[in-house]
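One file, input_35.cif, is given below (mmCIF, C-alpha atoms and all ligand atoms).
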```cif
data_data
loop_
_atom_site.group_PDB
_atom_site.id
_atom_site.type_symbol
_atom_site.label_atom_id
_atom_site.label_comp_id
_atom_site.auth_asym_id
_atom_site.auth_seq_id
_atom_site.Cartn_x
_atom_site.Cartn_y
_atom_site.Cartn_z
ATOM 1 C CA MET A 452 -22.068 -8.238 13.480
ATOM 2 C CA LEU A 453 -21.574 -4.566 12.689
ATOM 3 C CA ARG A 454 -24.342 -2.003 12.889
ATOM 4 C CA LEU A 455 -24.131 1.709 12.249
ATOM 5 C CA GLU A 456 -27.096 3.621 13.633
ATOM 6 C CA ASN A 457 -27.546 7.174 12.325
ATOM 7 C CA LEU A 458 -23.822 7.737 12.537
ATOM 8 C CA SER A 459 -22.531 11.271 12.112
ATOM 9 C CA CYS A 460 -18.819 11.873 12.450
ATOM 10 C CA GLY A 461 -15.935 14.002 11.289
ATOM 11 C CA TYR A 462 -12.758 15.706 12.365
ATOM 12 C CA GLY A 463 -13.214 18.082 15.283
ATOM 13 C CA PRO A 464 -16.079 20.361 14.291
ATOM 14 C CA VAL A 465 -15.888 19.289 10.612
ATOM 15 C CA VAL A 466 -18.711 16.941 9.618
ATOM 16 C CA ALA A 467 -17.662 14.286 7.077
ATOM 17 C CA VAL A 468 -20.418 11.687 7.508
ATOM 18 C CA GLU A 469 -24.047 12.397 8.310
ATOM 19 C CA ASP A 470 -26.768 10.047 9.482
ATOM 20 C CA VAL A 471 -25.378 6.839 7.997
ATOM 21 C CA SER A 472 -26.978 3.522 8.970
ATOM 22 C CA PHE A 473 -26.244 0.032 7.751
ATOM 23 C CA ASP A 474 -26.023 -3.551 8.938
ATOM 24 C CA LEU A 475 -23.280 -6.009 8.200
ATOM 25 C CA PRO A 476 -24.241 -9.561 9.210
ATOM 26 C CA ALA A 477 -21.496 -11.990 10.262
ATOM 27 C CA HIS A 478 -19.801 -13.779 7.351
ATOM 28 C CA SER A 479 -21.202 -11.315 4.814
ATOM 29 C CA SER A 480 -19.445 -8.702 2.750
ATOM 30 C CA LEU A 481 -20.331 -5.137 1.938
ATOM 31 C CA ALA A 482 -18.909 -2.833 -0.708
ATOM 32 C CA LEU A 483 -18.894 0.815 0.297
ATOM 33 C CA LEU A 484 -18.812 2.878 -2.886
ATOM 34 C CA GLY A 485 -19.034 6.508 -3.914
ATOM 35 C CA PRO A 486 -17.074 9.383 -5.429
ATOM 36 C CA ASN A 487 -14.018 11.042 -3.910
ATOM 37 C CA GLY A 488 -14.780 12.901 -0.718
ATOM 38 C CA ALA A 489 -18.061 11.027 -0.162
ATOM 39 C CA GLY A 490 -17.063 9.957 3.342
ATOM 40 C CA LYS A 491 -16.047 6.329 2.781
ATOM 41 C CA THR A 492 -12.705 6.592 4.566
ATOM 42 C CA SER A 493 -14.267 8.627 7.362
ATOM 43 C CA THR A 494 -16.902 5.910 7.880
ATOM 44 C CA ILE A 495 -14.200 3.263 8.136
ATOM 45 C CA MET A 496 -12.156 5.467 10.460
ATOM 46 C CA ALA A 497 -15.205 5.908 12.691
ATOM 47 C CA ILE A 498 -15.623 2.129 12.925
ATOM 48 C CA MET A 499 -11.950 1.903 13.912
ATOM 49 C CA GLY A 500 -12.278 4.768 16.412
ATOM 50 C CA HIS A 501 -10.309 7.482 14.668
ATOM 51 C CA THR A 502 -12.899 10.214 14.124
ATOM 52 C CA THR A 503 -14.913 12.633 16.213
ATOM 53 C CA ILE A 504 -18.404 11.218 16.751
ATOM 54 C CA HIS A 505 -21.165 13.803 16.332
ATOM 55 C CA GLY A 506 -24.113 11.464 16.742
ATOM 56 C CA GLY A 507 -25.449 7.948 16.391
ATOM 57 C CA ARG A 508 -23.983 4.624 17.477
ATOM 58 C CA ILE A 509 -21.675 1.870 16.293
ATOM 59 C CA LEU A 510 -22.499 -1.630 17.515
ATOM 60 C CA PHE A 511 -20.246 -4.672 17.166
ATOM 61 C CA ASN A 512 -21.890 -7.967 18.079
ATOM 62 C CA ASP A 513 -24.503 -5.953 20.008
ATOM 63 C CA GLN A 514 -21.839 -4.140 22.041
ATOM 64 C CA ASP A 515 -21.822 -0.354 21.810
ATOM 65 C CA ILE A 516 -18.288 0.502 20.654
ATOM 66 C CA THR A 517 -19.021 4.097 19.604
ATOM 67 C CA ARG A 518 -16.494 5.523 22.047
ATOM 68 C CA LEU A 519 -14.239 2.531 22.642
ATOM 69 C CA PRO A 520 -10.480 3.178 22.130
ATOM 70 C CA PRO A 521 -9.142 1.787 18.813
ATOM 71 C CA VAL A 522 -6.929 -0.846 20.441
ATOM 72 C CA LYS A 523 -9.939 -2.302 22.290
ATOM 73 C CA ARG A 524 -11.728 -2.630 18.940
ATOM 74 C CA VAL A 525 -8.757 -4.573 17.596
ATOM 75 C CA ASP A 526 -9.043 -6.880 20.619
ATOM 76 C CA LEU A 527 -12.728 -7.444 19.771
ATOM 77 C CA GLY A 528 -11.733 -8.593 16.280
ATOM 78 C CA ILE A 529 -11.819 -5.546 14.013
ATOM 79 C CA ALA A 530 -8.849 -4.811 11.761
ATOM 80 C CA LEU A 531 -8.101 -2.169 9.165
ATOM 81 C CA VAL A 532 -6.176 -2.170 5.910
ATOM 82 C CA PRO A 533 -5.836 1.602 5.578
ATOM 83 C CA GLU A 534 -5.999 3.742 2.471
ATOM 84 C CA GLY A 535 -2.445 4.183 1.167
ATOM 85 C CA ARG A 536 -1.397 1.087 3.148
ATOM 86 C CA ARG A 537 0.646 2.998 5.794
ATOM 87 C CA LEU A 538 3.407 0.412 6.013
ATOM 88 C CA PHE A 539 6.735 0.956 7.727
ATOM 89 C CA THR A 540 8.631 1.195 4.462
ATOM 90 C CA ASP A 541 12.113 0.880 6.042
ATOM 91 C CA LEU A 542 11.140 -2.275 7.913
ATOM 92 C CA THR A 543 11.154 -5.748 6.379
ATOM 93 C CA VAL A 544 8.095 -7.865 5.625
ATOM 94 C CA GLU A 545 8.751 -9.864 8.794
ATOM 95 C CA GLU A 546 9.108 -6.746 10.902
ATOM 96 C CA ASN A 547 5.896 -5.213 9.553
ATOM 97 C CA LEU A 548 4.057 -8.400 10.501
ATOM 98 C CA THR A 549 5.609 -8.215 13.959
ATOM 99 C CA VAL A 550 4.158 -4.718 14.340
ATOM 100 C CA GLY A 551 0.722 -6.060 13.346
ATOM 101 C CA GLY A 552 0.903 -8.804 15.950
ATOM 102 C CA TYR A 553 2.669 -6.928 18.717
ATOM 103 C CA ARG A 554 0.002 -7.785 21.300
ATOM 104 C CA LEU A 555 0.095 -11.506 20.538
ATOM 105 C CA SER A 556 1.799 -14.334 22.414
ATOM 106 C CA VAL A 557 4.880 -15.770 20.693
ATOM 107 C CA GLN A 558 2.861 -18.844 19.768
ATOM 108 C CA ARG A 559 -0.098 -16.960 18.228
ATOM 109 C CA ASP A 560 2.320 -14.702 16.389
ATOM 110 C CA LYS A 561 3.954 -17.728 14.831
ATOM 111 C CA ILE A 562 0.653 -19.342 13.798
ATOM 112 C CA ASN A 563 -0.791 -16.144 12.371
ATOM 113 C CA ARG A 564 2.420 -15.292 10.540
ATOM 114 C CA GLN A 565 2.346 -18.695 8.864
ATOM 115 C CA ARG A 566 -1.284 -18.113 7.851
ATOM 116 C CA VAL A 567 -0.257 -14.847 6.204
ATOM 117 C CA TYR A 568 2.595 -16.542 4.339
ATOM 118 C CA ASP A 569 0.280 -19.358 3.216
ATOM 119 C CA LEU A 570 -2.202 -16.818 1.895
ATOM 120 C CA PHE A 571 0.513 -14.716 0.239
ATOM 121 C CA PRO A 572 3.438 -16.885 -0.939
ATOM 122 C CA ARG A 573 4.960 -13.752 -2.509
ATOM 123 C CA LEU A 574 5.411 -12.317 0.976
ATOM 124 C CA SER A 575 6.977 -15.532 2.185
ATOM 125 C CA ASP A 576 9.579 -15.217 -0.584
ATOM 126 C CA ARG A 577 10.316 -11.626 0.481
ATOM 127 C CA ARG A 578 10.504 -11.944 4.271
ATOM 128 C CA LYS A 579 13.786 -10.053 4.576
ATOM 129 C CA GLN A 580 12.957 -7.425 1.974
ATOM 130 C CA THR A 581 11.991 -3.918 3.102
ATOM 131 C CA ALA A 582 8.363 -2.984 2.469
ATOM 132 C CA GLY A 583 9.391 0.121 0.539
ATOM 133 C CA SER A 584 11.358 -1.906 -1.991
ATOM 134 C CA MET A 585 8.353 -3.994 -3.032
ATOM 135 C CA SER A 586 5.756 -3.350 -5.741
ATOM 136 C CA GLY A 587 2.445 -1.690 -4.905
ATOM 137 C CA GLY A 588 0.641 -5.026 -5.091
ATOM 138 C CA GLU A 589 3.108 -6.709 -2.762
ATOM 139 C CA GLN A 590 2.785 -3.802 -0.359
ATOM 140 C CA GLN A 591 -0.992 -4.183 -0.417
ATOM 141 C CA MET A 592 -0.580 -7.881 0.394
ATOM 142 C CA LEU A 593 1.643 -6.913 3.313
ATOM 143 C CA ALA A 594 -0.900 -4.369 4.535
ATOM 144 C CA MET A 595 -3.524 -7.119 4.439
ATOM 145 C CA GLY A 596 -1.128 -9.526 6.137
ATOM 146 C CA ARG A 597 -0.387 -7.053 8.906
ATOM 147 C CA ALA A 598 -4.131 -6.656 9.540
ATOM 148 C CA LEU A 599 -4.606 -10.435 9.564
ATOM 149 C CA MET A 600 -2.005 -10.841 12.315
ATOM 150 C CA THR A 601 -4.695 -9.781 14.814
ATOM 151 C CA GLU A 602 -7.082 -12.582 13.707
ATOM 152 C CA PRO A 603 -9.903 -10.222 12.719
ATOM 153 C CA LYS A 604 -13.507 -11.309 12.499
ATOM 154 C CA LEU A 605 -14.276 -8.061 10.678
ATOM 155 C CA LEU A 606 -11.818 -6.760 8.103
ATOM 156 C CA LEU A 607 -12.101 -3.173 6.889
ATOM 157 C CA ILE A 608 -10.289 -2.511 3.627
ATOM 158 C CA ASP A 609 -9.933 0.998 2.243
ATOM 159 C CA GLU A 610 -9.134 1.096 -1.496
ATOM 160 C CA LEU A 611 -7.861 -2.416 -2.161
ATOM 161 C CA SER A 612 -6.944 -2.053 -5.827
ATOM 162 C CA LEU A 613 -6.096 1.634 -6.199
ATOM 163 C CA GLY A 614 -2.967 2.077 -8.321
ATOM 164 C CA LEU A 615 -2.184 -1.645 -8.611
ATOM 165 C CA MET A 616 -1.277 -3.612 -11.745
ATOM 166 C CA PRO A 617 -4.181 -5.798 -13.012
ATOM 167 C CA LYS A 618 -2.365 -9.019 -12.106
ATOM 168 C CA MET A 619 -1.895 -7.770 -8.527
ATOM 169 C CA VAL A 620 -5.513 -6.690 -8.314
ATOM 170 C CA ASP A 621 -6.455 -10.270 -9.176
ATOM 171 C CA LEU A 622 -4.158 -11.706 -6.505
ATOM 172 C CA CYS A 623 -5.481 -9.325 -3.842
ATOM 173 C CA PHE A 624 -9.092 -10.155 -4.691
ATOM 174 C CA ASP A 625 -8.243 -13.877 -4.696
ATOM 175 C CA ALA A 626 -6.879 -13.525 -1.169
ATOM 176 C CA LEU A 627 -9.961 -11.615 -0.108
ATOM 177 C CA ALA A 628 -12.187 -14.334 -1.559
ATOM 178 C CA ALA A 629 -10.245 -16.934 0.451
ATOM 179 C CA LEU A 630 -10.769 -14.916 3.637
ATOM 180 C CA LYS A 631 -14.465 -14.588 2.876
ATOM 181 C CA GLN A 632 -14.587 -18.353 2.402
ATOM 182 C CA GLU A 633 -13.022 -18.754 5.857
ATOM 183 C CA GLY A 634 -15.880 -16.711 7.296
ATOM 184 C CA VAL A 635 -14.224 -13.322 7.762
ATOM 185 C CA THR A 636 -16.753 -10.494 7.486
ATOM 186 C CA ILE A 637 -15.536 -7.879 5.017
ATOM 187 C CA LEU A 638 -16.240 -4.199 4.474
ATOM 188 C CA LEU A 639 -14.579 -3.107 1.254
ATOM 189 C CA VAL A 640 -14.095 0.414 -0.064
ATOM 190 C CA GLU A 641 -13.151 0.107 -3.704
ATOM 191 C CA GLN A 642 -13.016 2.445 -6.704
ATOM 192 C CA ASN A 643 -13.326 -0.462 -9.138
ATOM 193 C CA THR A 644 -17.113 -0.608 -8.930
ATOM 194 C CA ALA A 645 -17.594 -3.660 -11.151
ATOM 195 C CA ARG A 646 -15.045 -5.637 -9.176
ATOM 196 C CA ALA A 647 -16.552 -4.601 -5.861
ATOM 197 C CA LEU A 648 -20.095 -5.515 -6.915
ATOM 198 C CA ASP A 649 -18.917 -8.919 -8.101
ATOM 199 C CA PHE A 650 -17.143 -9.553 -4.809
ATOM 200 C CA ALA A 651 -19.598 -8.307 -2.210
ATOM 201 C CA GLU A 652 -23.226 -9.365 -1.920
ATOM 202 C CA ASN A 653 -24.296 -6.065 -0.359
ATOM 203 C CA VAL A 654 -23.522 -2.489 -1.269
ATOM 204 C CA CYS A 655 -23.827 0.992 0.171
ATOM 205 C CA VAL A 656 -23.241 4.042 -1.990
ATOM 206 C CA MET A 657 -22.295 7.322 -0.331
ATOM 207 C CA THR A 658 -22.399 10.826 -1.780
ATOM 208 C CA SER A 659 -21.530 14.009 0.111
ATOM 209 C CA GLY A 660 -21.323 12.250 3.460
ATOM 210 C CA SER A 661 -24.707 10.535 3.250
ATOM 211 C CA LEU A 662 -26.040 7.202 2.070
ATOM 212 C CA ALA A 663 -27.426 7.417 -1.469
ATOM 213 C CA PHE A 664 -28.162 3.716 -1.847
ATOM 214 C CA SER A 665 -28.205 0.620 0.288
ATOM 215 C CA GLY A 666 -29.130 -2.835 -0.973
ATOM 216 C CA THR A 667 -27.857 -5.965 -2.616
ATOM 217 C CA SER A 668 -25.226 -5.866 -5.342
ATOM 218 C CA LYS A 669 -27.800 -7.322 -7.709
ATOM 219 C CA GLN A 670 -30.141 -4.408 -7.008
ATOM 220 C CA ALA A 671 -27.253 -1.959 -7.395
ATOM 221 C CA LYS A 672 -26.338 -3.344 -10.806
ATOM 222 C CA ALA A 673 -29.950 -2.886 -11.961
ATOM 223 C CA ASP A 674 -30.296 0.674 -10.615
ATOM 224 C CA GLU A 675 -29.637 3.183 -13.387
ATOM 225 C CA ASN A 676 -29.602 6.177 -11.049
ATOM 226 C CA LEU A 677 -26.498 4.757 -9.436
ATOM 227 C CA PHE A 678 -24.644 4.997 -12.706
ATOM 228 C CA ASP A 679 -25.193 8.751 -12.612
ATOM 229 C CA VAL A 680 -23.410 8.868 -9.257
ATOM 230 C CA PHE A 681 -20.368 7.160 -10.706
ATOM 231 C CA ILE A 682 -20.421 8.978 -14.024
ATOM 232 C CA SER A 683 -20.523 12.346 -12.279
ATOM 233 C CA ALA A 684 -17.689 11.129 -10.052
ATOM 234 C CA ALA A 685 -15.613 10.249 -13.102
ATOM 235 C CA HIS A 686 -15.945 13.843 -14.355
ATOM 236 C CA GLU A 687 -14.908 15.518 -11.106
HETATM 237 N N1 LIG A 701 -8.316 14.670 8.472
HETATM 238 C C1 LIG A 701 -9.345 15.377 7.998
HETATM 239 N N2 LIG A 701 -9.650 16.604 8.526
HETATM 240 C C2 LIG A 701 -10.694 17.326 8.059
HETATM 241 N N3 LIG A 701 -11.513 16.918 7.065
HETATM 242 C C3 LIG A 701 -11.263 15.722 6.503
HETATM 243 C C4 LIG A 701 -10.180 14.887 6.937
HETATM 244 N N4 LIG A 701 -10.181 13.755 6.193
HETATM 245 C C5 LIG A 701 -11.224 13.883 5.346
HETATM 246 N N5 LIG A 701 -11.869 15.042 5.522
HETATM 247 C C6 LIG A 701 -13.060 15.509 4.796
HETATM 248 O O1 LIG A 701 -14.104 14.588 5.005
HETATM 249 C C7 LIG A 701 -14.865 14.397 3.818
HETATM 250 C C8 LIG A 701 -14.913 12.940 3.478
HETATM 251 O O2 LIG A 701 -13.618 12.493 3.134
HETATM 252 P P1 LIG A 701 -13.250 10.939 3.034
HETATM 253 O O3 LIG A 701 -13.916 10.228 4.143
HETATM 254 O O4 LIG A 701 -11.768 10.844 2.929
HETATM 255 O O5 LIG A 701 -13.939 10.532 1.648
HETATM 256 P P2 LIG A 701 -13.662 9.317 0.661
HETATM 257 O O6 LIG A 701 -12.877 8.287 1.375
HETATM 258 O O7 LIG A 701 -15.030 8.850 0.270
HETATM 259 O O8 LIG A 701 -12.917 9.877 -0.519
HETATM 260 C C9 LIG A 701 -14.210 15.273 2.748
HETATM 261 O O9 LIG A 701 -14.921 16.467 2.654
HETATM 262 C C10 LIG A 701 -12.829 15.491 3.292
HETATM 263 O O10 LIG A 701 -12.315 16.728 2.851
HETATM 264 MG MG MG A 702 -11.043 7.448 0.933
#
```
With the file now loaded, output its structure as structure tokens.
Ligand SMILES: Nc1ncnc2c1ncn2[C@@H]1O[C@H](COP(=O)(O)OP(=O)(O)O)[C@@H](O)[C@H]1O
Ligand SMILES: [Mg+2]
Amino acid sequence: MLRLENLSCGYGPVVAVEDVSFDLPAHSSLALLGPNGAGKTSTIMAIMGHTTIHGGRILFNDQDITRLPPVKRVDLGIALVPEGRRLFTDLTVEENLTVGGYRLSVQRDKINRQRVYDLFPRLSDRRKQTAGSMSGGEQQMLAMGRALMTEPKLLLIDELSLGLMPKMVDLCFDALAALKQEGVTILLVEQNTARALDFAENVCVMTSGSLAFSGTSKQAKADENLFDVFISAAHE
């Protein structure tokens, strides 16, 4: 479904990601791991269309989307849950979902909104509450809900569990598992390595803008060199 071919990208002349290639088959999930500054967010932003491309290609269902505007990528079925969530904190839950689905017909909006509330009953209970007044976990659910309003086939999630209470981490991963079950393809950036490896069947590890490892989660768990990557990251 998604293929990165020797992708190099960054911000203007700055290079953040160099020569990264990976494949993400439909209905599969991939954990993108690595220390701070490794280029995980930049990779996701490139897939969404928010970086400067220096080389390589991004293919989505065999279509070259390397230089397609972000909104066209959303129309193709790609959605992002951004790092830090980027909600409209003064708007209510309902209003944030409206923003997510602003290109939808009234009918699709209604159906998709109900899907979000079914997946996250906590959001349903807080429809009139402002996003900024909710807990971090509830805000993460809303960020996921907003992304789901566009009916994505590919969901990109940048730092799902960062800063959340353990109970909320569980709820967010439960929701993700339900989406996976429904057939949504998932690319997950996650600092909780154990959690990510348990969730996703494939893993890529980035260091300093390049791929350091690419394989199955099972292989990653058995690879001792990878532990060095994370241990050195922990001491940064
Ligand atoms: N907006 C930006 N402008 C310039 N450089 C950036 C920007 N965002 C990130 N970078 C740089 O790109 C590199 C990769 O960062 P990032 O993709 O955020 O890593 P990660 O998500 O793995 O922590 C870092 O060196 C970072 O300083
Ligand atoms: Mg990041």
Ligand MG 702 (chain A) proximity check over A:Leu481, A:Val640, A:Met619, A:Leu677, using only C-alpha atoms and all ligand atoms: winner is A:Val640
What do you get, as an MDAnalysis selection string, if you spell out every residue that the PyMOL selection byres (((chain A and resi 536) around 9) and not hetatm) selects here?
-> chainID A and resid 532:535 537:538 590:591 593:595 609
Would you put the residues from that selection into a file with C-alpha atoms, as a short mmCIF file (atom, residue, chain, number, x, y, z; two decimals), in the frame of the given file?
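What follows is the written file out-v4.cif:
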```cif
data_model
loop_
_atom_site.label_atom_id
_atom_site.label_comp_id
_atom_site.auth_asym_id
_atom_site.auth_seq_id
_atom_site.Cartn_x
_atom_site.Cartn_y
_atom_site.Cartn_z
CA VAL A 532 -6.18 -2.17 5.91
CA PRO A 533 -5.84 1.60 5.58
CA GLU A 534 -6.00 3.74 2.47
CA GLY A 535 -2.44 4.18 1.17
CA ARG A 537 0.65 3.00 5.79
CA LEU A 538 3.41 0.41 6.01
CA GLN A 590 2.78 -3.80 -0.36
CA GLN A 591 -0.99 -4.18 -0.42
CA LEU A 593 1.64 -6.91 3.31
CA ALA A 594 -0.90 -4.37 4.54
CA MET A 595 -3.52 -7.12 4.44
CA ASP A 609 -9.93 1.00 2.24
#
```
- prompt: Using all atoms listed in the file, which protein or nucleic acid residues are at most 7 Å from ligand MG 702 (chain A), as a ChimeraX atom specification?
  reply: /A:487-488,490-492,534,609
Problem - Protein and nucleic residues near ligand LIG 701 (chain A), 8 Å, all atoms listed in the file, as a list of chain:residue names - result: A:Gly461, A:Tyr462, A:Gly463, A:Val465, A:Val466, A:Ala467, A:Val468, A:Leu484, A:Gly485, A:Pro486, A:Asn487, A:Gly488, A:Ala489, A:Gly490, A:Lys491, A:Thr492, A:Ser493, A:Thr494, A:Asp609, A:Met657, A:Thr658, A:Ser659, A:Gly660
The PyMOL selection byres (((chain A and resi 578) around 7) and not hetatm) resolved against shown file, as an NGL selection string: :A and (543-545 or 574-577 or 579-580)
So what does the PyMOL selection byres (((chain A and resi 508) around 9) and not hetatm) actually pick up in this one, as a ChimeraX atom specification? /A:454-459,504,506-507,509-510,515-518
### CA of Arg524 in chain A to CA of Gln558 in chain A, straight-line distance in Å
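Pair CA of Gln558 in chain A / CA of Arg524 in chain A returns 21.8 Å.
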**Study point:** Computed interatomic separation between CA of Gly500 in chain A and CA of Leu607 in chain A (Å)
**Key:**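 Between these atoms lies a distance of 12.4 Å.
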As a check of understanding: the span from CA of Ser668 in chain A to CA of Ala651 in chain A is 6.9 Å
